[in-house]
file query-v9.cif (mmCIF, C-alpha atoms)
data_coords
#
loop_
_atom_site.label_atom_id
_atom_site.label_comp_id
_atom_site.auth_asym_id
_atom_site.auth_seq_id
_atom_site.Cartn_x
_atom_site.Cartn_y
_atom_site.Cartn_z
CA MET A 1 -32.35 105.55 -59.47
CA ARG A 2 -32.38 108.83 -61.25
CA MET A 3 -33.77 110.15 -64.53
CA TRP A 4 -35.65 113.02 -62.97
CA ILE A 5 -34.73 115.91 -65.22
CA VAL A 6 -35.10 113.96 -68.47
CA PHE A 7 -38.65 113.08 -67.64
CA LEU A 8 -39.50 116.43 -66.19
CA LEU A 9 -38.69 118.00 -69.53
CA CYS A 10 -41.55 115.99 -70.98
CA LEU A 11 -43.80 117.81 -68.55
CA ALA A 12 -42.48 121.28 -69.21
CA GLY A 13 -45.29 123.79 -69.30
CA HIS A 14 -45.26 127.48 -70.14
CA ALA A 15 -42.01 129.32 -69.51
CA MET A 16 -42.06 131.58 -66.47
CA ALA A 17 -38.88 133.56 -66.44
CA ALA A 18 -39.75 136.93 -64.93
CA PRO A 19 -38.11 137.24 -61.50
CA THR A 20 -40.16 138.16 -58.45
CA GLU A 21 -38.88 140.61 -55.90
CA GLU A 22 -38.08 138.98 -52.60
CA VAL A 23 -40.70 139.78 -50.02
CA PRO A 24 -39.28 140.23 -46.52
CA ILE A 25 -41.33 138.77 -43.72
CA GLU A 26 -41.06 140.19 -40.24
CA GLU A 27 -40.07 137.64 -37.64
CA GLU A 28 -42.61 137.16 -34.88
CA LEU A 29 -41.76 135.13 -31.80
CA VAL A 30 -44.15 132.40 -30.81
CA THR A 31 -44.27 131.67 -27.13
CA GLU A 32 -47.17 129.25 -26.88
CA GLU A 33 -47.17 127.48 -30.25
CA LEU A 34 -45.79 123.95 -30.26
CA VAL A 35 -43.73 123.49 -33.40
CA VAL A 36 -43.90 119.92 -34.61
CA GLU A 37 -41.04 118.84 -36.84
CA GLU A 38 -42.10 117.55 -40.22
CA PRO A 39 -41.37 113.89 -40.93
CA GLU A 40 -38.31 113.12 -42.96
CA VAL A 41 -38.63 112.86 -46.70
CA GLY A 42 -37.34 110.02 -48.82
CA VAL A 43 -35.87 110.31 -52.30
CA ASN A 44 -38.40 109.66 -55.01
CA PRO A 45 -37.27 106.49 -56.87
CA VAL A 46 -38.29 108.16 -60.15
CA GLN A 47 -34.75 109.56 -60.10
CA VAL A 48 -32.92 106.81 -61.94
CA GLU A 49 -29.74 108.42 -63.23
CA ILE A 50 -27.08 110.63 -61.77
CA GLY A 51 -27.07 114.19 -63.11
CA GLU A 52 -26.06 117.69 -62.13
CA PHE A 53 -29.36 118.19 -60.30
CA ASP A 54 -28.85 115.32 -57.86
CA GLU A 55 -27.82 117.48 -54.94
CA ALA A 56 -30.68 119.88 -55.57
CA ILE A 57 -33.24 117.08 -55.67
CA GLU A 58 -31.91 115.52 -52.50
CA LEU A 59 -32.33 118.76 -50.58
CA VAL A 60 -35.94 117.85 -49.83
CA GLU A 61 -34.72 115.05 -47.58
CA GLU A 62 -34.69 115.75 -43.87
CA GLU A 63 -32.83 113.02 -42.07
CA GLU A 64 -34.24 112.58 -38.58
CA GLU A 65 -32.24 109.51 -37.63
CA GLU A 66 -29.93 109.91 -34.65
CA VAL A 67 -27.44 107.10 -34.11
CA PHE A 68 -24.65 107.10 -31.59
CA THR A 69 -21.91 104.59 -30.98
CA GLU A 70 -18.99 105.09 -28.65
CA SER A 71 -15.81 106.33 -30.29
CA GLU A 72 -13.10 108.86 -29.70
CA ASP A 73 -15.24 111.41 -31.54
CA PRO A 74 -18.75 111.36 -30.03
CA CYS A 75 -20.12 113.06 -33.15
CA LEU A 76 -18.63 110.54 -35.58
CA ASN A 77 -21.79 108.43 -35.80
CA HIS A 78 -24.27 110.95 -34.48
CA HIS A 79 -26.43 112.11 -37.39
CA CYS A 80 -28.41 115.33 -37.36
CA LYS A 81 -31.21 116.40 -39.67
CA LYS A 82 -30.71 119.00 -42.36
CA GLY A 83 -29.85 122.41 -40.95
CA LYS A 84 -28.17 121.05 -37.83
CA VAL A 85 -24.64 119.92 -36.98
CA CYS A 86 -23.29 117.85 -34.14
CA GLU A 87 -21.46 119.35 -31.18
CA VAL A 88 -20.52 117.92 -27.78
CA ASP A 89 -21.82 119.29 -24.48
CA GLU A 90 -19.98 119.76 -21.21
CA VAL A 91 -20.03 116.03 -20.48
CA ASN A 92 -18.75 115.16 -23.97
CA SER A 93 -22.15 113.92 -25.17
CA PRO A 94 -23.17 114.62 -28.79
CA MET A 95 -26.04 116.97 -29.52
CA CYS A 96 -27.49 118.59 -32.62
CA VAL A 97 -27.42 122.37 -32.89
CA CYS A 98 -28.41 124.74 -35.68
CA GLN A 99 -25.73 125.19 -38.32
CA ASP A 100 -24.41 128.69 -38.94
CA ALA A 101 -25.52 129.54 -42.48
CA SER A 102 -22.23 131.39 -43.05
CA THR A 103 -20.40 128.03 -42.85
CA CYS A 104 -22.35 126.61 -45.81
CA PRO A 105 -20.33 126.21 -49.03
CA ALA A 106 -21.20 128.68 -51.77
CA SER A 107 -23.28 127.44 -54.69
CA GLU A 108 -21.61 126.42 -57.93
CA GLY A 109 -24.53 127.38 -60.13
CA ASP A 110 -28.22 128.32 -60.30
CA PHE A 111 -29.19 124.65 -60.09
CA GLU A 112 -28.12 124.72 -56.43
CA HIS A 113 -30.34 127.68 -55.56
CA VAL A 114 -33.65 126.98 -53.87
CA CYS A 115 -36.76 129.07 -53.34
CA GLY A 116 -38.50 129.16 -49.99
CA THR A 117 -42.19 129.69 -49.36
CA ASP A 118 -41.24 133.20 -48.20
CA ASN A 119 -40.36 133.95 -51.85
CA LYS A 120 -36.69 134.28 -50.94
CA THR A 121 -33.91 132.67 -52.94
CA PHE A 122 -31.36 130.77 -50.87
CA ASP A 123 -27.88 130.13 -52.24
CA THR A 124 -28.02 126.41 -51.46
CA SER A 125 -30.16 123.93 -49.61
CA CYS A 126 -27.63 124.16 -46.77
CA HIS A 127 -28.36 127.88 -46.40
CA PHE A 128 -32.10 127.21 -46.48
CA PHE A 129 -32.16 124.53 -43.79
CA ALA A 130 -29.70 126.42 -41.58
CA THR A 131 -31.97 129.47 -41.79
CA LYS A 132 -35.08 127.42 -41.06
CA CYS A 133 -33.39 125.86 -38.04
CA ALA A 134 -32.41 129.28 -36.68
CA LEU A 135 -36.06 130.32 -36.89
CA GLU A 136 -37.40 127.37 -34.88
CA GLY A 137 -39.97 128.59 -32.38
CA THR A 138 -41.14 131.50 -34.52
CA LYS A 139 -44.14 131.84 -36.81
CA LYS A 140 -41.83 132.53 -39.72
CA GLY A 141 -39.88 129.34 -39.06
CA HIS A 142 -43.06 127.30 -38.66
CA LYS A 143 -44.40 128.52 -42.00
CA LEU A 144 -41.12 128.37 -43.91
CA HIS A 145 -40.80 125.41 -46.26
CA LEU A 146 -38.81 124.65 -49.36
CA ASP A 147 -41.07 125.63 -52.27
CA TYR A 148 -39.08 124.58 -55.32
CA ILE A 149 -35.65 124.03 -56.80
CA GLY A 150 -33.97 126.98 -58.48
CA PRO A 151 -34.06 130.75 -57.92
CA CYS A 152 -37.40 132.32 -57.01
CA LYS A 153 -39.25 133.45 -60.09
CA HIS A 154 -42.68 134.61 -61.15
CA ILE A 155 -45.03 131.64 -61.38
CA GLU A 156 -47.98 132.33 -63.62
CA THR A 157 -51.48 131.84 -62.29
CA CYS A 158 -52.87 128.42 -63.15
CA LEU A 159 -56.17 128.80 -64.97
CA ASP A 160 -58.98 126.27 -64.58
CA SER A 161 -58.52 125.10 -68.15
CA GLU A 162 -54.81 124.57 -67.57
CA LEU A 163 -55.41 122.71 -64.32
CA SER A 164 -57.50 120.14 -66.18
CA GLU A 165 -54.61 119.57 -68.62
CA PHE A 166 -52.01 118.85 -65.94
CA PRO A 167 -53.07 115.26 -65.07
CA LEU A 168 -53.10 114.34 -68.77
CA ARG A 169 -49.35 114.91 -69.01
CA MET A 170 -48.66 113.62 -65.50
CA ARG A 171 -50.39 110.28 -66.06
CA ASP A 172 -48.53 109.70 -69.31
CA TRP A 173 -45.25 110.65 -67.62
CA LEU A 174 -45.77 108.21 -64.74
CA LYS A 175 -46.50 105.40 -67.18
CA ASN A 176 -43.36 106.19 -69.18
CA VAL A 177 -41.25 106.40 -66.01
CA LEU A 178 -42.30 102.90 -64.99
CA VAL A 179 -41.64 101.50 -68.46
CA THR A 180 -38.15 103.04 -68.45
CA LEU A 181 -37.43 101.62 -64.98
CA TYR A 182 -38.55 98.21 -66.21
CA GLU A 183 -36.28 98.38 -69.25
CA ARG A 184 -33.24 99.34 -67.16
CA ASP A 185 -33.82 97.14 -64.15
CA GLU A 186 -31.23 94.48 -64.94
CA ASP A 187 -30.28 93.84 -61.31
CA ASN A 188 -33.76 94.17 -59.75
CA SER A 189 -32.77 97.33 -57.89
CA LEU A 190 -35.33 99.70 -59.40
CA LEU A 191 -38.52 97.68 -59.12
CA ASN A 192 -39.50 94.74 -56.94
CA GLU A 193 -40.85 91.54 -58.46
CA LYS A 194 -44.52 92.41 -57.93
CA GLN A 195 -44.02 95.80 -59.54
CA LYS A 196 -42.15 94.29 -62.49
CA LEU A 197 -44.96 91.82 -63.16
CA ARG A 198 -47.48 94.63 -63.40
CA VAL A 199 -45.26 96.90 -65.49
CA LYS A 200 -44.43 93.99 -67.81
CA LYS A 201 -48.08 93.88 -68.90
CA ILE A 202 -47.92 97.57 -69.78
CA PHE A 203 -44.55 97.24 -71.51
CA GLU A 204 -45.67 94.33 -73.71
CA ASN A 205 -49.04 95.82 -74.64
CA GLU A 206 -48.95 96.73 -78.32
CA LYS A 207 -51.56 99.43 -77.77
CA ARG A 208 -49.30 101.37 -75.39
CA LEU A 209 -48.76 105.00 -76.40
CA GLN A 210 -45.02 105.39 -76.86
CA SER A 211 -43.06 108.07 -75.04
CA GLY A 212 -42.90 111.42 -76.83
CA GLU A 213 -44.56 114.80 -77.19
CA HIS A 214 -48.26 114.26 -77.74
CA SER A 215 -51.20 116.59 -78.09
CA LEU A 216 -53.61 116.91 -75.21
CA ASP A 217 -56.35 115.42 -77.38
CA LEU A 218 -54.25 112.31 -78.01
CA LEU A 219 -53.39 111.95 -74.33
CA ALA A 220 -57.06 112.24 -73.37
CA HIS A 221 -58.06 109.73 -76.06
CA ASP A 222 -55.41 107.25 -74.96
CA PHE A 223 -56.48 107.50 -71.32
CA GLU A 224 -60.05 106.71 -72.32
CA LYS A 225 -59.05 103.91 -74.70
CA ASN A 226 -56.29 102.32 -72.59
CA TYR A 227 -57.50 103.32 -69.13
CA ASN A 228 -56.24 100.16 -67.41
CA MET A 229 -52.62 101.00 -68.28
CA TYR A 230 -52.75 104.07 -66.05
CA ILE A 231 -54.22 102.56 -62.89
CA PHE A 232 -51.03 100.99 -61.56
CA PRO A 233 -48.66 103.92 -62.35
CA VAL A 234 -50.85 106.28 -60.31
CA HIS A 235 -50.90 103.85 -57.36
CA TRP A 236 -47.15 103.23 -57.69
CA GLN A 237 -46.25 106.90 -57.40
CA PHE A 238 -48.42 107.26 -54.30
CA GLY A 239 -46.56 104.35 -52.72
CA GLN A 240 -43.16 105.86 -53.52
CA LEU A 241 -44.11 109.10 -51.80
CA ASP A 242 -45.92 107.61 -48.80
CA GLN A 243 -42.81 106.70 -46.82
CA HIS A 244 -42.45 108.79 -43.67
CA PRO A 245 -44.51 107.25 -42.22
CA VAL A 246 -46.24 104.68 -44.41
CA ASP A 247 -49.77 105.51 -43.35
CA GLY A 248 -51.86 105.88 -46.49
CA TYR A 249 -51.64 109.69 -46.49
CA LEU A 250 -49.31 112.15 -48.18
CA THR A 251 -48.07 115.24 -46.36
CA HIS A 252 -46.56 118.40 -47.84
CA THR A 253 -43.12 117.04 -46.95
CA GLU A 254 -43.69 113.64 -48.57
CA ILE A 255 -44.82 115.27 -51.82
CA SER A 256 -41.79 117.60 -51.92
CA PRO A 257 -39.48 115.25 -53.89
CA LEU A 258 -42.06 115.27 -56.68
CA ARG A 259 -43.34 118.84 -56.61
CA ALA A 260 -40.13 120.81 -55.91
CA PRO A 261 -38.45 120.09 -59.28
CA LEU A 262 -41.76 120.43 -61.16
CA ILE A 263 -42.93 123.87 -60.05
CA PRO A 264 -40.47 125.98 -62.15
CA MET A 265 -41.57 124.12 -65.30
CA GLU A 266 -45.23 123.32 -64.60
CA HIS A 267 -46.94 126.37 -63.17
CA CYS A 268 -50.05 124.36 -62.22
CA THR A 269 -48.11 122.01 -59.93
CA SER A 270 -48.94 123.68 -56.62
CA ARG A 271 -52.58 124.22 -57.45
CA PHE A 272 -52.89 120.61 -58.62
CA PHE A 273 -51.66 119.16 -55.35
CA GLU A 274 -53.82 121.61 -53.39
CA HIS A 275 -56.77 120.48 -55.50
CA CYS A 276 -56.00 116.84 -54.63
CA ASP A 277 -56.62 117.59 -50.94
CA ALA A 278 -60.37 117.59 -51.48
CA ASP A 279 -61.30 117.86 -47.81
CA ASN A 280 -58.63 120.48 -47.02
CA ASP A 281 -57.21 118.54 -44.08
CA LYS A 282 -53.62 118.99 -45.34
CA TYR A 283 -53.33 115.27 -46.06
CA ILE A 284 -53.88 113.53 -49.39
CA ALA A 285 -55.42 110.08 -49.04
CA LEU A 286 -55.04 107.43 -51.73
CA GLU A 287 -58.65 107.95 -52.81
CA GLU A 288 -58.04 111.69 -53.21
CA TRP A 289 -54.77 111.11 -55.08
CA ALA A 290 -56.31 108.61 -57.50
CA GLY A 291 -59.30 110.85 -58.08
CA CYS A 292 -57.01 113.71 -59.08
CA PHE A 293 -55.65 111.55 -61.88
CA GLY A 294 -59.05 110.42 -63.08
CA ILE A 295 -58.92 106.92 -61.61
CA LYS A 296 -62.42 105.63 -60.91
CA GLU A 297 -63.39 105.05 -57.28
CA GLN A 298 -63.99 101.33 -57.86
CA ASP A 299 -60.44 100.96 -59.19
CA VAL A 300 -58.70 102.45 -56.14
CA ASP A 301 -57.00 99.51 -54.46
CA ASN A 302 -54.51 99.51 -51.57
CA ASP A 303 -53.25 96.15 -52.78
CA LEU A 304 -51.76 97.91 -55.81
CA ILE A 305 -49.28 99.70 -53.50
CA VAL A 306 -46.70 96.92 -53.76
#
call {"tool": "encode", "arguments": {"input": "query-v9.cif", "output": "structure tokens"}}
result
Amino acid sequence: MRMWIVFLLCLAGHAMAAPTEEVPIEEELVTEELVVEEPEVGVNPVQVEIGEFDEAIELVEEEEEEVFTESEDPCLNHHCKKGKVCEVDEVNSPMCVCQDASTCPASEGDFEHVCGTDNKTFDTSCHFFATKCALEGTKKGHKLHLDYIGPCKHIETCLDSELSEFPLRMRDWLKNVLVTLYERDEDNSLLNEKQKLRVKKIFENEKRLQSGEHSLDLLAHDFEKNYNMYIFPVHWQFGQLDQHPVDGYLTHTEISPLRAPLIPMEHCTSRFFEHCDADNDKYIALEEWAGCFGIKEQDVDNDLIV
């Protein structure tokens, strides 16, 4: 289910190409802090076609599942999360240990590079997660997250006026993503029946603004004129991200599949999602998410997460 890059290009903001010098951060051991592992991240179903960025997009997944069945190789069916590999202990039982970053395959291009929140470019997602694993139990490791896909670069400051423009493009993009999924869903693998019924109404509406490059004024006018067409797409995207666990709140990790590819092209991405967390509790509730996209409070409905 992948068409990520095609649609992201519709959202492309100002170009930010100037590189930023990597800022080293001194490692500081934490002896009393309990480091809680972030929940695993699922792939955003917006990705509807296979492309060269697939591996880069998937790097935001952290598989926590550990399954073991008896076999000659104890590690054969023992799965470790990103950054760890399976080894056997003295009694031949499988266990997950941090992967040596030097064993990670070299990248084949810039699209495999990733930028960490320490403003350091990692050659591949393998190198990033192996490094993060090796830093478990330290402040640096606790604070280190994958920031975005691609080499670290200078991200321009998002002005207030630009922040207000971001949801205009994002809403239109979400609507167009759903319409495209509906058009291509010949085997019912992209949308479930309830979702298809709701998207069908949008697809068949003659007043729907067609996909394309539109001025901000037109996008704002269409949102005001055809407001009801945008309610379900906003709810749908929340439901796709709220997966680990499904609890009605989005964490930094759950948002990663959406924000990581966007940041290099939309410099207001990070500030937008920070702005959505209105109460600064590091969780984005459905009401907060909908409000960020201009959905009225009376139209926020958990039943639309189908």
call {"tool": "closest_residue", "arguments": {"input": "query-v9.cif", "among": "A:Lys132, A:His127, A:Lys139, A:His113", "to": "Pro151 of chain A", "atoms": "all atoms listed in the file"}}
result
A:His113
call {"tool": "atom_distance", "arguments": {"input": "query-v9.cif", "atom1": "atom CA of Glu136 of chain A", "atom2": "atom CA of Asp279 of chain A"}}
result
28.8 Å
call {"tool": "closest_residue", "arguments": {"input": "query-v9.cif", "among": "A:Asp89, A:Asp147, A:Glu108, A:Asp277", "to": "Arg259 of chain A", "atoms": "all atoms listed in the file"}}
result
A:Asp147
call {"tool": "closest_residue", "arguments": {"input": "query-v9.cif", "among": "A:Glu183, A:Gln210, A:Pro233, A:Arg171", "to": "Arg198 of chain A", "atoms": "all atoms listed in the file"}}
result
A:Pro233
call {"tool": "atom_distance", "arguments": {"input": "query-v9.cif", "atom1": "atom CA of Asp299 of chain A", "atom2": "atom CA of Val234 of chain A"}}
result
11.0 Å
call {"tool": "resolve_selection", "arguments": {"input": "query-v9.cif", "expression": "the PyMOL selection byres ((chain A and resi 130) around 10)", "output": "list in words"}}
result
Lys82, Gly83, Lys84, Val85, Val97, Cys98, Gln99, Asp100, Ala101, Ser102, Thr103, Cys104, Ser125, Cys126, His127, Phe128, Phe129, Thr131, Lys132, Cys133, Ala134 and Leu135 of chain A
call {"tool": "residues_around", "arguments": {"input": "query-v9.cif", "residues": "Pro167 of chain A", "least_positions_apart": "5", "cutoff": "9 Å", "atoms": "only C-alpha atoms", "output": "PDB file with C-alpha atoms, in the coordinates of the input"}}
result
ATOM      1  CA  ASP A 172     -48.530 109.700 -69.310  1.00  0.00           C
ATOM      2  CA  PHE A 272     -52.890 120.610 -58.620  1.00  0.00           C
ATOM      3  CA  CYS A 292     -57.010 113.710 -59.080  1.00  0.00           C
ATOM      4  CA  PHE A 293     -55.650 111.550 -61.880  1.00  0.00           C
ATOM      5  CA  GLY A 294     -59.050 110.420 -63.080  1.00  0.00           C
TER       6      GLY A 294
END
call {"tool": "closest_residue", "arguments": {"input": "query-v9.cif", "among": "A:Cys152, A:Leu262, A:Cys86, A:Ala220", "to": "Ser164 of chain A", "atoms": "all atoms listed in the file"}}
result
A:Ala220
call {"tool": "atom_distance", "arguments": {"input": "query-v9.cif", "atom1": "atom CA of Gly109 of chain A", "atom2": "atom CA of Ala260 of chain A"}}
result
17.4 Å
call {"tool": "closest_residue", "arguments": {"input": "query-v9.cif", "among": "A:Glu156, A:Glu204, A:Asp247, A:Glu112", "to": "Ile305 of chain A", "atoms": "only C-alpha atoms"}}
result
A:Asp247
call {"tool": "resolve_selection", "arguments": {"input": "query-v9.cif", "expression": "the PyMOL selection byres ((chain A and resi 180) around 10)", "output": "ChimeraX atom specification"}}
result
/A:3,46,48,174-179,181-185,199,203,211
call {"tool": "resolve_selection", "arguments": {"input": "query-v9.cif", "expression": "the PyMOL selection byres ((chain A and resi 158) around 12)", "output": "PDB file with C-alpha atoms, in the frame of the given file"}}
result
ATOM      1  CA  GLY A  13     -45.290 123.790 -69.300  1.00  0.00           C
ATOM      2  CA  HIS A  14     -45.260 127.480 -70.140  1.00  0.00           C
ATOM      3  CA  MET A  16     -42.060 131.580 -66.470  1.00  0.00           C
ATOM      4  CA  ILE A 155     -45.030 131.640 -61.380  1.00  0.00           C
ATOM      5  CA  GLU A 156     -47.980 132.330 -63.620  1.00  0.00           C
ATOM      6  CA  THR A 157     -51.480 131.840 -62.290  1.00  0.00           C
ATOM      7  CA  LEU A 159     -56.170 128.800 -64.970  1.00  0.00           C
ATOM      8  CA  ASP A 160     -58.980 126.270 -64.580  1.00  0.00           C
ATOM      9  CA  SER A 161     -58.520 125.100 -68.150  1.00  0.00           C
ATOM     10  CA  GLU A 162     -54.810 124.570 -67.570  1.00  0.00           C
ATOM     11  CA  LEU A 163     -55.410 122.710 -64.320  1.00  0.00           C
ATOM     12  CA  SER A 164     -57.500 120.140 -66.180  1.00  0.00           C
ATOM     13  CA  GLU A 165     -54.610 119.570 -68.620  1.00  0.00           C
ATOM     14  CA  PHE A 166     -52.010 118.850 -65.940  1.00  0.00           C
ATOM     15  CA  ILE A 263     -42.930 123.870 -60.050  1.00  0.00           C
ATOM     16  CA  GLU A 266     -45.230 123.320 -64.600  1.00  0.00           C
ATOM     17  CA  HIS A 267     -46.940 126.370 -63.170  1.00  0.00           C
ATOM     18  CA  CYS A 268     -50.050 124.360 -62.220  1.00  0.00           C
ATOM     19  CA  THR A 269     -48.110 122.010 -59.930  1.00  0.00           C
ATOM     20  CA  SER A 270     -48.940 123.680 -56.620  1.00  0.00           C
ATOM     21  CA  ARG A 271     -52.580 124.220 -57.450  1.00  0.00           C
ATOM     22  CA  PHE A 272     -52.890 120.610 -58.620  1.00  0.00           C
ATOM     23  CA  GLU A 274     -53.820 121.610 -53.390  1.00  0.00           C
ATOM     24  CA  HIS A 275     -56.770 120.480 -55.500  1.00  0.00           C
TER      25      HIS A 275
END
call {"tool": "closest_residue", "arguments": {"input": "query-v9.cif", "among": "A:His78, A:Lys296, A:Lys194, A:His244", "to": "Glu224 of chain A", "atoms": "only C-alpha atoms"}}
result
A:Lys296
call {"tool": "build_atoms", "arguments": {"input": "query-v9.cif", "residues": "segment 193-211 of chain A", "atoms": "N, CA, C and O atoms", "output": "PDB file, in the frame of the given file"}}
result
ATOM      1  N   GLU A 193     -40.291  92.532 -57.548  1.00  0.00           N
ATOM      2  CA  GLU A 193     -40.850  91.540 -58.460  1.00  0.00           C
ATOM      3  C   GLU A 193     -42.339  91.778 -58.737  1.00  0.00           C
ATOM      4  O   GLU A 193     -42.795  91.627 -59.876  1.00  0.00           O
ATOM      5  N   LYS A 194     -43.100  92.153 -57.722  1.00  0.00           N
ATOM      6  CA  LYS A 194     -44.520  92.410 -57.930  1.00  0.00           C
ATOM      7  C   LYS A 194     -44.743  93.594 -58.852  1.00  0.00           C
ATOM      8  O   LYS A 194     -45.631  93.582 -59.717  1.00  0.00           O
ATOM      9  N   GLN A 195     -43.911  94.625 -58.680  1.00  0.00           N
ATOM     10  CA  GLN A 195     -44.020  95.800 -59.540  1.00  0.00           C
ATOM     11  C   GLN A 195     -43.653  95.446 -60.974  1.00  0.00           C
ATOM     12  O   GLN A 195     -44.319  95.872 -61.924  1.00  0.00           O
ATOM     13  N   LYS A 196     -42.603  94.657 -61.143  1.00  0.00           N
ATOM     14  CA  LYS A 196     -42.150  94.290 -62.490  1.00  0.00           C
ATOM     15  C   LYS A 196     -43.206  93.475 -63.228  1.00  0.00           C
ATOM     16  O   LYS A 196     -43.385  93.639 -64.440  1.00  0.00           O
ATOM     17  N   LEU A 197     -43.918  92.618 -62.519  1.00  0.00           N
ATOM     18  CA  LEU A 197     -44.960  91.820 -63.160  1.00  0.00           C
ATOM     19  C   LEU A 197     -46.074  92.702 -63.705  1.00  0.00           C
ATOM     20  O   LEU A 197     -46.601  92.463 -64.799  1.00  0.00           O
ATOM     21  N   ARG A 198     -46.415  93.730 -62.951  1.00  0.00           N
ATOM     22  CA  ARG A 198     -47.480  94.630 -63.400  1.00  0.00           C
ATOM     23  C   ARG A 198     -47.013  95.536 -64.536  1.00  0.00           C
ATOM     24  O   ARG A 198     -47.755  95.792 -65.483  1.00  0.00           O
ATOM     25  N   VAL A 199     -45.784  96.020 -64.445  1.00  0.00           N
ATOM     26  CA  VAL A 199     -45.260  96.900 -65.490  1.00  0.00           C
ATOM     27  C   VAL A 199     -45.013  96.113 -66.775  1.00  0.00           C
ATOM     28  O   VAL A 199     -45.143  96.650 -67.881  1.00  0.00           O
ATOM     29  N   LYS A 200     -44.668  94.837 -66.633  1.00  0.00           N
ATOM     30  CA  LYS A 200     -44.430  93.990 -67.810  1.00  0.00           C
ATOM     31  C   LYS A 200     -45.654  93.965 -68.712  1.00  0.00           C
ATOM     32  O   LYS A 200     -45.545  94.013 -69.950  1.00  0.00           O
ATOM     33  N   LYS A 201     -46.849  93.900 -68.108  1.00  0.00           N
ATOM     34  CA  LYS A 201     -48.080  93.880 -68.900  1.00  0.00           C
ATOM     35  C   LYS A 201     -48.244  95.172 -69.694  1.00  0.00           C
ATOM     36  O   LYS A 201     -48.717  95.155 -70.829  1.00  0.00           O
ATOM     37  N   ILE A 202     -47.852  96.283 -69.085  1.00  0.00           N
ATOM     38  CA  ILE A 202     -47.920  97.570 -69.780  1.00  0.00           C
ATOM     39  C   ILE A 202     -46.885  97.615 -70.895  1.00  0.00           C
ATOM     40  O   ILE A 202     -47.166  98.029 -72.020  1.00  0.00           O
ATOM     41  N   PHE A 203     -45.671  97.196 -70.571  1.00  0.00           N
ATOM     42  CA  PHE A 203     -44.550  97.240 -71.510  1.00  0.00           C
ATOM     43  C   PHE A 203     -44.839  96.408 -72.762  1.00  0.00           C
ATOM     44  O   PHE A 203     -44.507  96.817 -73.881  1.00  0.00           O
ATOM     45  N   GLU A 204     -45.452  95.252 -72.588  1.00  0.00           N
ATOM     46  CA  GLU A 204     -45.670  94.330 -73.710  1.00  0.00           C
ATOM     47  C   GLU A 204     -46.970  94.605 -74.457  1.00  0.00           C
ATOM     48  O   GLU A 204     -47.237  93.967 -75.479  1.00  0.00           O
ATOM     49  N   ASN A 205     -47.778  95.519 -73.980  1.00  0.00           N
ATOM     50  CA  ASN A 205     -49.040  95.820 -74.640  1.00  0.00           C
ATOM     51  C   ASN A 205     -48.787  96.617 -75.913  1.00  0.00           C
ATOM     52  O   ASN A 205     -48.224  97.719 -75.887  1.00  0.00           O
ATOM     53  N   GLU A 206     -49.186  96.084 -77.026  1.00  0.00           N
ATOM     54  CA  GLU A 206     -48.950  96.730 -78.320  1.00  0.00           C
ATOM     55  C   GLU A 206     -49.727  98.031 -78.477  1.00  0.00           C
ATOM     56  O   GLU A 206     -49.382  98.866 -79.319  1.00  0.00           O
ATOM     57  N   LYS A 207     -50.741  98.210 -77.664  1.00  0.00           N
ATOM     58  CA  LYS A 207     -51.560  99.430 -77.770  1.00  0.00           C
ATOM     59  C   LYS A 207     -50.975 100.581 -76.960  1.00  0.00           C
ATOM     60  O   LYS A 207     -51.506 101.692 -76.992  1.00  0.00           O
ATOM     61  N   ARG A 208     -49.876 100.333 -76.248  1.00  0.00           N
ATOM     62  CA  ARG A 208     -49.300 101.370 -75.390  1.00  0.00           C
ATOM     63  C   ARG A 208     -48.833 102.566 -76.203  1.00  0.00           C
ATOM     64  O   ARG A 208     -48.134 102.420 -77.199  1.00  0.00           O
ATOM     65  N   LEU A 209     -49.204 103.763 -75.755  1.00  0.00           N
ATOM     66  CA  LEU A 209     -48.760 105.000 -76.400  1.00  0.00           C
ATOM     67  C   LEU A 209     -47.291 105.202 -76.054  1.00  0.00           C
ATOM     68  O   LEU A 209     -46.916 105.293 -74.888  1.00  0.00           O
ATOM     69  N   GLN A 210     -46.453 105.272 -77.072  1.00  0.00           N
ATOM     70  CA  GLN A 210     -45.020 105.390 -76.860  1.00  0.00           C
ATOM     71  C   GLN A 210     -44.664 106.766 -76.292  1.00  0.00           C
ATOM     72  O   GLN A 210     -45.385 107.743 -76.463  1.00  0.00           O
ATOM     73  N   SER A 211     -43.529 106.822 -75.614  1.00  0.00           N
ATOM     74  CA  SER A 211     -43.060 108.070 -75.040  1.00  0.00           C
ATOM     75  C   SER A 211     -42.791 109.107 -76.120  1.00  0.00           C
ATOM     76  O   SER A 211     -42.270 108.786 -77.193  1.00  0.00           O
TER      77      SER A 211
END
